[in-house]
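Asker: Could you have a look at this structure, given as structure tokens, before my questions?
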Amino acid sequence: MFHRPLLACLVTATIAVSPSAQAQMMKTPEAHAPAKAVPSSKGEVDLSFAPVVKRAAPSVVNVYASHVEQRGSSRSAMDEFMRRFFGEQGSGRGQGMPGERAQKSLGSGVIVDESGLVITNNHVIDNMNEVRVSLSDRREFEASIVLRDPRTDLAVIKIKSPAGGLVPMPMGDSEALEVGDFVMAIGNPFGVGQTVTQGIVSALARTQVGSSDYQFFIQTDAAINPGNSGGALVDLKGRLVGINTAIYSQSGGSHGIGFAIPTSMVRAVVETAKGGATTVRRPWLGARVQNVTPDIAESMGLDHPTGVLVASLQPKSPAEEAGLKRGDLILTVDDKVVDDPEAFGYRFALKGISGTAKFGILRGTTRSTVSVKLASAPETRPRDAVKVRTRSPFFGATLVNTSPAVAEELQKDFASEGVAVSSIDEGSMAARAGLQIGDVIVAINGVPVTTTKDLERLTRSSSGMWEIAINRGGAVLTSVFGG
């Protein structure tokens, strides 16, 4: 189970080896291990992580978020606690005004700009509307939500009326990290207060974690626990190299497998917020890619599976215009190797929406490079969003006209014309009917549905029975519901 929820200066003692010992090691082949030695000076005894912590800790904050809602909501606060693995505490029972229920969330954040911008995890403030930030010197401020990006599980908040003295943490280069580098995790685990743990980079480019759409995580054995979400992973120079976001645990506590979002992605989100945007725009490829299996790799003459295979292309998309073809193998994005669809998606998402990206491809036995235009997915027709409030199996669902932009946001592959489910209220008739986000409504009672106006018209009239045809992942399902 994955749960949401370091400048480390580890110096080894100098090894002192005498000339006689050197001669003995040369004579004895098995004696290759360096001899252990007692620290020879007070300086060696006093080596500590403290200078690094003093530099980095003032930039790490505690984030307290809350949301008050009327009682009778379909989801209890305990359900919310169980649903959100990391950083949310308390059921809120007995808190707030009569007839209201307070949900609370606890996490961490990192100051990234003197103006008061703080980066944290989106799941720390998800569904919350009131946010407070507590600094390491115990000053507290209200904060506003500047940007939410669920696809990366990152969010940017801004301290209101900062009184000065804010210490932003410089960003390091997550691309320069190597397995074995020492790091420190700084955050507020279990709400006990700012805590520092130390470990190493255990792995890089982890893509099978499942806590966001763009998976390319730094894995560390520095202890990360509930409440550390949004906290800092710090390198040997006190620079931010990652935002702690998840742990692998069967008990809810740290088992030495923690994950952080690299600063290469964090930087893109922060720069978007600094530019005044409230959403992160990413490039659209207009192609579906898939894993390379050992059999495919062998058939293409590869020593091992690598890259991603182009499975399909959309007409007039950047991929088609660049000359990509079905069956092409994409090996690199701007000379960065990609080994699976998650790594490809991450690398491509970092490129922004201007200029071009160079793909290294293999077509048959020929290697070449193609330039792909970087642009956001087009909204080829208005969404005309409709939230159904009439009694029908769609009650509580919001539906929109499909387009490449909608497909990109929902991470679905469907035709450019149709009506897609974009959101569903929990506990609604639509949820009980089994509708899912990304479903495309094909027909209602045998009448084709191509726009939200069609669906709105068809759901206005009451019906004793509803026959609904849905395209879900390329398969058309037909279900009948009572009126």
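All residue names refer to the structure tokens as shown: chains lettered A, B, ... in order, residues numbered from 1 in each chain, ligands numbered from 1 in order.
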What residues in stretch 238-430 of chain A get the DSSP label strand (DSSP E)? Please answer as a ChimeraX atom specification.
Answerer: /A:240-248,258-262,287-290,308-313,329-333,336-337,356-363,366-373,386-387,397-401,419-424
Asker: Find the spatial neighbours of A:Gly438, counting only C-alpha atoms, within a cut-off of 8 Å - ignore same-chain residues fewer than 6 positions away - and output them as JSON, numbers by chain.
Answerer: {"A": [410, 412, 420, 421, 422, 472]}
Asker: Skip A:Pro305 itself and residues of its chain fewer than 4 positions away, then list as a VMD selection string all residues within 6 Å of it, counting only C-alpha atoms.
Answerer: chain A and resid 292 294 297
Asker: Could you please determine the separation between atom CA of A:Ala246 and atom CA of A:Gly275 in Å, to one decimal place?
Answerer: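 Between atom CA of A:Ala246 and atom CA of A:Gly275 the gap is 28.0 Å.
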Asker: Of the residues A:Ala57, A:Leu177, A:Val192, A:Val447, which is the one nearest to A:Pro226, using only C-alpha atoms?
Answerer: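 Counting only C-alpha atoms, the residue closest to A:Pro226 is A:Val192.
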Asker: Enter the distance from atom CA of A:Leu362 to atom CA of A:Thr207, in Å, rounded to one decimal.
Answerer: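 Value for the atom CA of A:Leu362-atom CA of A:Thr207 distance: 23.0 Å.
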Asker: As a ChimeraX atom specification, please: every residue in stretch 255-477 of chain A that a backbone DSSP assignment puts in alpha helix (DSSP H).
Answerer: /A:263-274,294-299,318-321,341-349,404-410,429-433,452-460
Asker: Would you mind telling me which residue in A:Ala222, A:Phe217, A:Ser461, A:Thr450 lies nearest to A:Thr195 when using only C-alpha atoms?
Answerer: A:Ala222
